[in-house]
file run13.cif (mmCIF, C-alpha atoms and all ligand atoms)
data_start
#
loop_
_atom_site.label_atom_id
_atom_site.label_comp_id
_atom_site.auth_asym_id
_atom_site.auth_seq_id
_atom_site.Cartn_x
_atom_site.Cartn_y
_atom_site.Cartn_z
CA MET Q 1 -7.25 -2.01 -12.43
CA LEU Q 2 -5.07 -4.26 -10.29
CA LYS Q 3 -6.46 -7.66 -9.43
CA ILE Q 4 -4.60 -10.11 -7.22
CA GLU Q 5 -6.09 -13.56 -6.63
CA ASN Q 6 -4.90 -16.17 -4.14
CA LEU Q 7 -1.28 -15.08 -4.45
CA THR Q 8 1.19 -17.35 -2.66
CA LYS Q 9 4.98 -17.41 -2.53
CA SER Q 10 7.63 -19.24 -0.51
CA TYR Q 11 11.33 -18.65 -0.97
CA ALA Q 12 13.56 -21.61 -1.78
CA LYS Q 13 14.70 -23.52 1.31
CA SER Q 14 11.98 -21.92 3.38
CA ASN Q 15 8.76 -23.62 4.31
CA ILE Q 16 7.31 -20.34 5.53
CA LYS Q 17 4.97 -18.63 3.10
CA ALA Q 18 6.28 -15.08 2.57
CA VAL Q 19 2.90 -14.32 0.92
CA ASP Q 20 -0.01 -16.56 1.79
CA ASP Q 21 -3.20 -16.71 -0.30
CA LEU Q 22 -3.47 -12.96 -0.76
CA SER Q 23 -6.35 -11.52 -2.77
CA LEU Q 24 -6.94 -7.84 -3.39
CA GLU Q 25 -8.55 -5.59 -5.95
CA LEU Q 26 -7.69 -1.94 -6.57
CA ASN Q 27 -9.85 0.52 -8.44
CA LYS Q 28 -9.00 3.36 -10.77
CA GLY Q 29 -8.29 6.63 -9.01
CA GLU Q 30 -7.39 5.27 -5.61
CA ILE Q 31 -4.34 5.44 -3.38
CA PHE Q 32 -3.85 2.16 -1.59
CA GLY Q 33 -1.51 1.88 1.40
CA PHE Q 34 0.00 -1.54 2.04
CA LEU Q 35 0.95 -1.67 5.70
CA GLY Q 36 2.72 -4.29 7.70
CA PRO Q 37 5.62 -4.87 10.07
CA ASN Q 38 9.11 -5.74 8.80
CA GLY Q 39 9.17 -9.14 7.11
CA ALA Q 40 5.39 -9.21 6.62
CA GLY Q 41 5.63 -9.84 2.86
CA LYS Q 42 5.15 -6.34 1.41
CA THR Q 43 8.23 -6.31 -0.82
CA THR Q 44 7.63 -9.90 -1.93
CA THR Q 45 4.08 -8.98 -2.99
CA ILE Q 46 5.31 -5.88 -4.82
CA LYS Q 47 8.00 -7.85 -6.64
CA MET Q 48 5.34 -10.26 -7.88
CA ILE Q 49 3.06 -7.42 -9.01
CA THR Q 50 5.92 -5.89 -10.98
CA GLY Q 51 6.96 -9.25 -12.46
CA ILE Q 52 10.38 -9.37 -10.77
CA LEU Q 53 9.49 -12.49 -8.78
CA GLU Q 54 7.26 -15.29 -9.97
CA SER Q 55 4.48 -16.47 -7.68
CA ASP Q 56 4.09 -20.13 -6.70
CA SER Q 57 0.37 -19.88 -7.30
CA GLY Q 58 -2.36 -17.33 -7.80
CA SER Q 59 -2.71 -14.63 -10.41
CA ILE Q 60 -2.12 -10.91 -10.91
CA SER Q 61 -3.55 -8.73 -13.63
CA ILE Q 62 -2.79 -5.08 -14.34
CA SER Q 63 -5.17 -3.16 -16.60
CA GLY Q 64 -6.50 -6.56 -17.67
CA PHE Q 65 -3.08 -8.03 -18.57
CA ASP Q 66 -1.82 -11.08 -16.72
CA ILE Q 67 1.67 -10.51 -15.34
CA LYS Q 68 2.80 -14.02 -16.28
CA LYS Q 69 0.94 -14.65 -19.53
CA ASP Q 70 1.17 -11.15 -20.98
CA SER Q 71 4.04 -9.67 -19.04
CA ILE Q 72 5.16 -7.02 -21.54
CA ASN Q 73 1.71 -5.47 -21.77
CA ALA Q 74 1.24 -5.74 -18.01
CA LYS Q 75 4.59 -4.04 -17.38
CA ARG Q 76 3.83 -1.23 -19.83
CA ASN Q 77 1.12 -0.20 -17.39
CA ILE Q 78 3.35 -0.15 -14.31
CA GLY Q 79 5.71 2.46 -12.93
CA TYR Q 80 7.86 1.02 -10.13
CA VAL Q 81 9.98 2.66 -7.45
CA SER Q 82 11.93 -0.01 -5.56
CA ASP Q 83 13.03 0.17 -1.94
CA SER Q 84 16.68 -0.43 -2.73
CA HIS Q 85 17.51 2.64 -4.87
CA VAL Q 86 19.63 0.51 -7.14
CA ILE Q 87 20.07 2.93 -9.96
CA TYR Q 88 22.57 3.39 -12.77
CA ASP Q 89 24.69 5.89 -10.95
CA LYS Q 90 27.24 6.50 -13.69
CA LEU Q 91 24.47 8.02 -15.77
CA THR Q 92 23.38 11.60 -15.33
CA GLY Q 93 19.82 12.18 -14.22
CA ARG Q 94 18.91 13.16 -17.77
CA GLU Q 95 20.52 10.03 -19.24
CA TYR Q 96 18.66 7.87 -16.76
CA VAL Q 97 15.30 9.46 -17.50
CA ASP Q 98 15.99 9.19 -21.24
CA PHE Q 99 16.88 5.54 -20.78
CA MET Q 100 13.56 4.89 -19.02
CA ALA Q 101 11.66 6.92 -21.61
CA ASN Q 102 13.30 4.91 -24.42
CA ILE Q 103 12.31 1.61 -22.80
CA TYR Q 104 8.69 2.72 -22.61
CA GLY Q 105 8.70 4.41 -26.01
CA VAL Q 106 7.88 7.92 -24.82
CA ASP Q 107 8.42 10.54 -27.53
CA MET Q 108 10.90 13.39 -27.05
CA GLN Q 109 8.45 16.19 -26.53
CA THR Q 110 6.29 14.28 -24.06
CA ARG Q 111 9.27 13.10 -22.00
CA GLN Q 112 10.63 16.65 -21.81
CA GLU Q 113 7.32 18.06 -20.68
CA ARG Q 114 6.84 15.36 -18.04
CA ALA Q 115 10.43 15.53 -16.81
CA ASN Q 116 10.39 19.32 -16.59
CA LYS Q 117 7.26 19.35 -14.52
CA LEU Q 118 8.65 16.79 -12.09
CA LEU Q 119 12.13 18.34 -11.95
CA GLU Q 120 10.57 21.62 -11.00
CA LYS Q 121 8.40 20.04 -8.36
CA PHE Q 122 11.34 18.22 -6.81
CA GLU Q 123 13.81 21.09 -7.31
CA LEU Q 124 16.15 18.79 -9.17
CA LYS Q 125 16.70 20.87 -12.30
CA ASP Q 126 20.24 21.98 -11.44
CA ALA Q 127 21.40 18.41 -10.86
CA PHE Q 128 19.78 16.88 -13.95
CA ASP Q 129 23.06 16.85 -15.89
CA SER Q 130 25.19 15.59 -13.01
CA GLN Q 131 26.01 11.93 -12.49
CA ILE Q 132 23.60 10.20 -10.17
CA LYS Q 133 26.46 8.98 -7.99
CA THR Q 134 26.91 12.58 -6.83
CA TYR Q 135 23.26 12.72 -5.65
CA SER Q 136 22.10 12.49 -2.04
CA HIS Q 137 19.83 9.64 -1.02
CA GLY Q 138 16.75 11.83 -1.35
CA MET Q 139 17.81 13.03 -4.81
CA LYS Q 140 18.29 9.42 -5.95
CA GLN Q 141 14.83 8.65 -4.69
CA LYS Q 142 13.43 11.60 -6.63
CA ILE Q 143 15.13 10.67 -9.90
CA SER Q 144 13.80 7.09 -9.50
CA ILE Q 145 10.33 8.58 -9.15
CA ILE Q 146 10.75 10.71 -12.28
CA GLY Q 147 11.98 7.65 -14.19
CA ALA Q 148 9.02 5.62 -12.95
CA LEU Q 149 6.48 8.23 -14.02
CA ILE Q 150 7.92 9.17 -17.40
CA HIS Q 151 5.44 6.91 -19.26
CA ASN Q 152 2.50 8.06 -17.13
CA PRO Q 153 1.65 4.52 -15.95
CA ASN Q 154 -1.86 3.39 -15.02
CA LEU Q 155 -0.50 1.73 -11.90
CA TRP Q 156 2.24 3.36 -9.86
CA VAL Q 157 3.88 0.97 -7.40
CA LEU Q 158 6.21 2.27 -4.70
CA ASP Q 159 8.01 0.26 -2.03
CA GLU Q 160 8.59 2.32 1.14
CA PRO Q 161 8.86 5.55 -0.85
CA MET Q 162 9.01 7.97 2.09
CA THR Q 163 12.22 6.50 3.49
CA GLY Q 164 15.00 9.09 3.39
CA LEU Q 165 12.88 11.94 2.07
CA ASP Q 166 12.91 15.24 3.92
CA PRO Q 167 9.49 16.54 4.99
CA GLN Q 168 9.19 18.87 2.01
CA SER Q 169 9.98 16.12 -0.51
CA ALA Q 170 7.67 13.72 1.28
CA PHE Q 171 4.92 16.32 0.99
CA GLN Q 172 5.61 16.75 -2.72
CA LEU Q 173 5.52 13.02 -3.23
CA LYS Q 174 2.16 12.77 -1.48
CA GLU Q 175 0.86 15.57 -3.68
CA LEU Q 176 2.13 13.77 -6.76
CA MET Q 177 0.37 10.58 -5.70
CA ARG Q 178 -2.89 12.48 -5.33
CA GLU Q 179 -2.48 14.20 -8.72
CA HIS Q 180 -1.75 10.86 -10.36
CA CYS Q 181 -4.95 9.40 -8.93
CA ASN Q 182 -6.98 12.46 -9.85
CA ASP Q 183 -5.98 11.68 -13.44
CA GLY Q 184 -7.72 8.32 -13.05
CA LYS Q 185 -4.57 6.35 -12.27
CA THR Q 186 -3.93 4.08 -9.30
CA VAL Q 187 -1.22 4.18 -6.63
CA PHE Q 188 -0.12 1.17 -4.59
CA PHE Q 189 2.56 1.85 -2.01
CA SER Q 190 3.96 0.07 0.99
CA THR Q 191 4.90 1.73 4.23
CA HIS Q 192 5.36 1.01 7.88
CA VAL Q 193 4.78 4.68 8.69
CA LEU Q 194 1.20 4.83 9.84
CA GLU Q 195 0.82 8.62 9.73
CA VAL Q 196 1.55 8.64 6.01
CA ALA Q 197 -1.04 5.97 5.35
CA GLU Q 198 -3.57 7.66 7.57
CA LYS Q 199 -3.18 10.98 5.75
CA ILE Q 200 -3.26 10.06 2.10
CA CYS Q 201 -4.73 6.62 1.52
CA ASP Q 202 -8.22 6.03 0.20
CA ARG Q 203 -7.91 2.44 1.37
CA ILE Q 204 -5.48 0.52 3.50
CA GLY Q 205 -4.55 -3.13 3.75
CA ILE Q 206 -2.56 -4.63 6.61
CA ILE Q 207 -0.40 -7.66 5.89
CA VAL Q 208 1.00 -9.80 8.68
CA LYS Q 209 3.07 -12.94 8.09
CA GLY Q 210 2.05 -13.05 4.46
CA LYS Q 211 -1.67 -12.78 5.11
CA LEU Q 212 -3.83 -9.77 4.40
CA VAL Q 213 -5.54 -9.44 7.76
CA THR Q 214 -7.64 -6.35 7.13
CA VAL Q 215 -8.55 -4.13 4.20
CA GLY Q 216 -10.85 -1.16 3.75
CA ASN Q 217 -11.01 2.58 4.14
CA LEU Q 218 -9.87 4.02 7.42
CA ASP Q 219 -13.38 4.45 8.80
CA GLU Q 220 -14.34 0.89 7.89
CA ILE Q 221 -11.22 -0.53 9.45
CA LYS Q 222 -11.68 1.53 12.59
CA ALA Q 223 -15.35 0.58 12.88
CA ALA Q 224 -14.55 -3.11 12.37
CA GLN Q 225 -11.87 -2.96 15.06
CA GLY Q 226 -13.86 -1.13 17.70
CA ASP Q 227 -12.99 2.44 16.74
CA SER Q 228 -9.41 2.36 17.96
CA SER Q 229 -6.66 4.45 16.40
CA LEU Q 230 -4.85 3.03 13.38
CA GLU Q 231 -1.78 2.57 15.58
CA ASP Q 232 -3.73 0.49 18.11
CA ILE Q 233 -5.27 -1.57 15.32
CA PHE Q 234 -1.89 -2.10 13.69
CA LEU Q 235 -0.28 -3.18 16.95
CA SER Q 236 -3.14 -5.46 17.80
CA VAL Q 237 -3.28 -7.26 14.43
CA ALA Q 238 0.50 -7.42 14.06
CA GLY Q 239 0.98 -8.53 17.66
CA GLY Q 240 -1.94 -10.93 17.50
CA ALA Q 241 -0.40 -12.83 14.64
CA ASN Q 242 2.82 -13.26 16.61
CA ALA Q 243 1.07 -14.65 19.63
N1 LIG Q 301 15.43 -13.36 -1.01
C1 LIG Q 301 14.85 -13.97 0.05
N2 LIG Q 301 15.17 -15.24 0.39
C2 LIG Q 301 14.58 -15.86 1.43
N3 LIG Q 301 13.64 -15.29 2.21
C3 LIG Q 301 13.29 -14.02 1.94
C4 LIG Q 301 13.86 -13.29 0.84
N4 LIG Q 301 13.30 -12.05 0.81
C5 LIG Q 301 12.43 -12.01 1.83
N5 LIG Q 301 12.41 -13.18 2.51
C6 LIG Q 301 11.55 -13.51 3.65
O1 LIG Q 301 10.20 -13.35 3.25
C7 LIG Q 301 9.43 -12.75 4.26
C8 LIG Q 301 8.79 -11.46 3.73
O2 LIG Q 301 9.81 -10.51 3.44
P1 LIG Q 301 9.52 -9.12 2.70
O3 LIG Q 301 8.59 -9.38 1.59
O4 LIG Q 301 10.84 -8.51 2.39
O5 LIG Q 301 8.76 -8.31 3.84
P2 LIG Q 301 8.52 -6.72 4.05
O6 LIG Q 301 8.81 -6.04 2.76
O7 LIG Q 301 7.11 -6.64 4.50
O8 LIG Q 301 9.48 -6.30 5.13
C9 LIG Q 301 10.36 -12.53 5.45
O9 LIG Q 301 10.22 -13.62 6.32
C10 LIG Q 301 11.72 -12.52 4.80
O10 LIG Q 301 12.70 -12.97 5.70
MG MG Q 302 10.07 -4.48 2.31
#
call {"tool": "encode", "arguments": {"input": "run13.cif", "output": "structure tokens", "more": "lines below"}}
Ligand SMILES: Nc1ncnc2c1ncn2[C@@H]1O[C@H](COP(=O)(O)OP(=O)(O)O)[C@@H](O)[C@H]1O
Ligand SMILES: [Mg+2]
result
Amino acid sequence: MLKIENLTKSYAKSNIKAVDDLSLELNKGEIFGFLGPNGAGKTTTIKMITGILESDSGSISISGFDIKKDSINAKRNIGYVSDSHVIYDKLTGREYVDFMANIYGVDMQTRQERANKLLEKFELKDAFDSQIKTYSHGMKQKISIIGALIHNPNLWVLDEPMTGLDPQSAFQLKELMREHCNDGKTVFFSTHVLEVAEKICDRIGIIVKGKLVTVGNLDEIKAAQGDSSLEDIFLSVAGGANA
């Protein structure tokens, strides 16, 4: 579904590799949690998956389409929620969702059905015709999510999606991730909140200084690391790489 091979990236003027020879394969129907301390390379990896940044070397394919060689088809299969909430805030929520639906060629009836379901879930119906600039941080996050899901993508990529969500919205988002995967889709999200990863992920990968240091389901990771808690494992691999 998502296949990353030997992905490497350095930023200009930096001889540090932000992402260093990272390989990873995600299956249909799984929620994958991408964990790592600040500056580990999570956002850089996500920006390469979504085609915003170009890798120095390595390859990424989404539903069989190479992000560099066949970027339009690859991107058709991705729904992306960025960490920066840069959103067209002069538009109303409805205009924004329509804009996204137009880009992805979603017909009127389908977009209305999908938007209605999500608006109800997120209790955003009353604000749908207000300008996004009047929204709270959490509401902006929710409308980004609705925009990202309007074409029902095979791969849903979210960068630190729980940030700024109240507990109820965070719960709804987790539910939505699970529903999306139950439909045979795949979710890839980054977080530094271990509890979230522990609760909902089928598999977890930990990235430290650009390198994927461990990957597997929670039981596998715990068994490989001497049955410690995820927090202990995280601190030990993240700290170990600093030493
Ligand atoms: N635009 C940029 N220019 C130069 N260096 C960057 C840029 N963005 C990120 N970096 C560096 O790349 C590394 C990985 O950053 P990032 O991918 O944002 O990590 P994370 O999302 O895990 O916090 C860090 O060392 C960061 O300082
Ligand atoms: Mg980041």
call {"tool": "residues_around", "arguments": {"input": "run13.cif", "residues": "Asn73 of chain Q", "least_positions_apart": "5", "cutoff": "12 Å", "atoms": "all atoms listed in the file", "output": "list of chain:residue names"}}
result
Q:Thr50, Q:Gly51, Q:Ser61, Q:Ile62, Q:Ser63, Q:Gly64, Q:Phe65, Q:Asp66, Q:Ile67, Q:Lys68, Q:Ile78, Q:Tyr104, Q:Pro153, Q:Asn154
call {"tool": "closest_atom_pairs", "arguments": {"input": "run13.cif", "of": "segment 206-238 of chain Q", "to": "segment 7-21 of chain Q", "cutoff": "10 Å", "atoms": "all atoms listed in the file", "output": "tab-separated table"}}
result
residue	atom	partner	partner_atom	distance
Q:Ile207	CA	Q:Val19	CA	8.9
Q:Val208	CA	Q:Val19	CA	9.2
Q:Lys209	CA	Q:Ala18	CA	6.7
Q:Gly210	CA	Q:Val19	CA	3.9
Q:Lys211	CA	Q:Asp20	CA	5.3
Q:Leu212	CA	Q:Asp20	CA	8.2
call {"tool": "residues_around", "arguments": {"input": "run13.cif", "residues": "Leu230 of chain Q", "least_positions_apart": "3", "cutoff": "12 Å", "atoms": "all atoms listed in the file", "output": "MDAnalysis selection string"}}
result
chainID Q and resid 35:36 192:199 204:206 214 217:227 233:238
call {"tool": "closest_residue", "arguments": {"input": "run13.cif", "among": "Q:Ser23, Q:Gln109, Q:Gln131, Q:Asn102", "to": "Ile143 of chain Q", "atoms": "all atoms listed in the file"}}
result
Q:Gln131
call {"tool": "residues_near_ligand", "arguments": {"input": "run13.cif", "ligand": "ligand MG 302 (chain Q)", "cutoff": "10 Å", "atoms": "only C-alpha atoms and all ligand atoms", "output": "VMD selection string"}}
result
chain Q and resid 36 to 47 82 to 84 159 to 160 190 to 192
call {"tool": "closest_residue", "arguments": {"input": "run13.cif", "among": "Q:Ile87, Q:Leu155, Q:Leu119, Q:Ala101", "to": "Leu2 of chain Q", "atoms": "all atoms listed in the file"}}
result
Q:Leu155
call {"tool": "closest_residue", "arguments": {"input": "run13.cif", "among": "Q:Phe188, Q:Tyr96, Q:Phe171, Q:Tyr135", "to": "Arg111 of chain Q", "atoms": "all atoms listed in the file"}}
result
Q:Tyr96
call {"tool": "closest_residue", "arguments": {"input": "run13.cif", "among": "Q:Gly239, Q:Asn182, Q:Asp98, Q:Phe189", "to": "ligand LIG 301 (chain Q)", "atoms": "only C-alpha atoms and all ligand atoms"}}
result
Q:Phe189
call {"tool": "atom_distance", "arguments": {"input": "run13.cif", "atom1": "atom CA of Ile4 of chain Q", "atom2": "atom O7 of ligand LIG 301 (chain Q)"}}
result
16.9 Å
call {"tool": "closest_residue", "arguments": {"input": "run13.cif", "among": "Q:Met139, Q:Val187, Q:Ala74, Q:Val213", "to": "Lys174 of chain Q", "atoms": "all atoms listed in the file"}}
result
Q:Val187
call {"tool": "residues_around", "arguments": {"input": "run13.cif", "residues": "Gly147 of chain Q", "least_positions_apart": "4", "cutoff": "10 Å", "atoms": "only C-alpha atoms", "output": "PyMOL selection string"}}
result
chain Q and resi 79-81+93-94+96-101+111+115+118+141-143+151-152
call {"tool": "write_last_selection", "arguments": {"input": "run13.cif", "atoms": "C-alpha atoms", "output": "JSON list (two decimals), in the coordinates of the input"}}
result
[["chain", "number", "residue", "atom", "x", "y", "z"],
["Q", 79, "GLY", "CA", 5.71, 2.46, -12.93],
["Q", 80, "TYR", "CA", 7.86, 1.02, -10.13],
["Q", 81, "VAL", "CA", 9.98, 2.66, -7.45],
["Q", 93, "GLY", "CA", 19.82, 12.18, -14.22],
["Q", 94, "ARG", "CA", 18.91, 13.16, -17.77],
["Q", 96, "TYR", "CA", 18.66, 7.87, -16.76],
["Q", 97, "VAL", "CA", 15.30, 9.46, -17.50],
["Q", 98, "ASP", "CA", 15.99, 9.19, -21.24],
["Q", 99, "PHE", "CA", 16.88, 5.54, -20.78],
["Q", 100, "MET", "CA", 13.56, 4.89, -19.02],
["Q", 101, "ALA", "CA", 11.66, 6.92, -21.61],
["Q", 111, "ARG", "CA", 9.27, 13.10, -22.00],
["Q", 115, "ALA", "CA", 10.43, 15.53, -16.81],
["Q", 118, "LEU", "CA", 8.65, 16.79, -12.09],
["Q", 141, "GLN", "CA", 14.83, 8.65, -4.69],
["Q", 142, "LYS", "CA", 13.43, 11.60, -6.63],
["Q", 143, "ILE", "CA", 15.13, 10.67, -9.90],
["Q", 151, "HIS", "CA", 5.44, 6.91, -19.26],
["Q", 152, "ASN", "CA", 2.50, 8.06, -17.13]]
call {"tool": "atom_distance", "arguments": {"input": "run13.cif", "atom1": "atom CA of Lys75 of chain Q", "atom2": "atom C3 of ligand LIG 301 (chain Q)"}}
result
23.4 Å
call {"tool": "atom_distance", "arguments": {"input": "run13.cif", "atom1": "atom CA of Ser71 of chain Q", "atom2": "atom CA of Arg203 of chain Q"}}
result
26.6 Å
call {"tool": "closest_residue", "arguments": {"input": "run13.cif", "among": "Q:Gly105, Q:Leu158, Q:Leu91, Q:Ile31", "to": "ligand LIG 301 (chain Q)", "atoms": "only C-alpha atoms and all ligand atoms"}}
result
Q:Leu158
call {"tool": "axis_aligned_box", "arguments": {"input": "run13.cif", "around": "segment 108-125 of chain Q", "padding_each_side": "8 Å", "output": "AutoDock Vina command-line options"}}
result
--center_x 11.5 --center_y 17.4 --center_z -16.9 --size_x 26.4 --size_y 24.5 --size_z 36.2
